[in-house]
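Visitor: Below are the structure tokens for one structure; questions will follow.
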Amino acid sequence: MGKLPRAFKLSDPKFQRAVTLADAYRLLFRFVEQYNARGESSTANLLGDLSLEIWGDGGSGDPAQLEDFLVVARELLGAFGDAS
């Protein structure tokens, strides 16, 4: 079997980037917009997917959500200064 994709955690260096409150709001809006575009429009579902308390390892309830957030951050803020 192939290697599983890496699951991001908030402790990853990519999540240590400082942003303004204006950028944070734009990120939030765009992230929720793309989440809803997939048909996942329930606020309860969104919060469950984003919860950091479900697994207790610093990852989100749905590990793909942290990667999706990074994609949105790259779109709005540019590259993170690394190759990944």
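Every chain in the structure tokens takes a letter, A first, then B, and so on in the order presented; its residues are numbered from 1, and the ligands are numbered from 1 following the presented order.
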Taking the backbone alone, and naming residues the way the document does, which bits of chain A are helix (DSSP H, G or I) by DSSP, as number ranges by chain?
Guide: A: 13-16, 21-37, 43-50, 64-77
Visitor: If we count only C-alpha atoms and set the cut-off at 10 Å, which residues sit around Leu46 of chain A, ignoring sequence neighbours fewer than 3 positions away in its own chain? Please answer as a PyMOL selection string.
Guide: chain A and resi 32+35-36+40-43+49-51+61-62+65
Visitor: Save out the residues we just selected, C-alpha atoms, as a JSON list (two decimals), in the first residue's frame.
Guide:
```json
[["chain", "number", "residue", "atom", "x", "y", "z"],
["A", 32, "VAL", "CA", -16.30, 28.99, 4.56],
["A", 35, "TYR", "CA", -16.50, 24.64, 2.29],
["A", 36, "ASN", "CA", -20.09, 25.50, 1.35],
["A", 40, "GLU", "CA", -21.21, 21.09, 3.32],
["A", 41, "SER", "CA", -23.22, 24.05, 4.54],
["A", 42, "SER", "CA", -24.15, 23.07, 8.11],
["A", 43, "THR", "CA", -22.47, 25.26, 10.71],
["A", 49, "ASP", "CA", -14.72, 19.28, 11.08],
["A", 50, "LEU", "CA", -12.59, 22.11, 12.44],
["A", 51, "SER", "CA", -12.60, 21.01, 16.09],
["A", 61, "GLY", "CA", -11.79, 16.69, 13.40],
["A", 62, "ASP", "CA", -11.46, 16.28, 9.64],
["A", 65, "GLN", "CA", -9.81, 20.86, 6.60]]
```
Visitor: For Phe15 of chain A, list every protein, DNA or RNA residue within 12 Å, evaluated using only C-alpha atoms, and leave out those in the same chain fewer than 2 positions away; present the list as number ranges by chain.
Guide: A: 8-13, 17-19, 58-59, 66-67, 69-71, 73-74, 80
Visitor: State, in Å with one decimal place, the distance from atom CA of Glu53 of chain A to atom CA of Ala22 of chain A.
Guide: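 Atom CA of Ala22 of chain A lies at a distance of 26.7 Å from atom CA of Glu53 of chain A.
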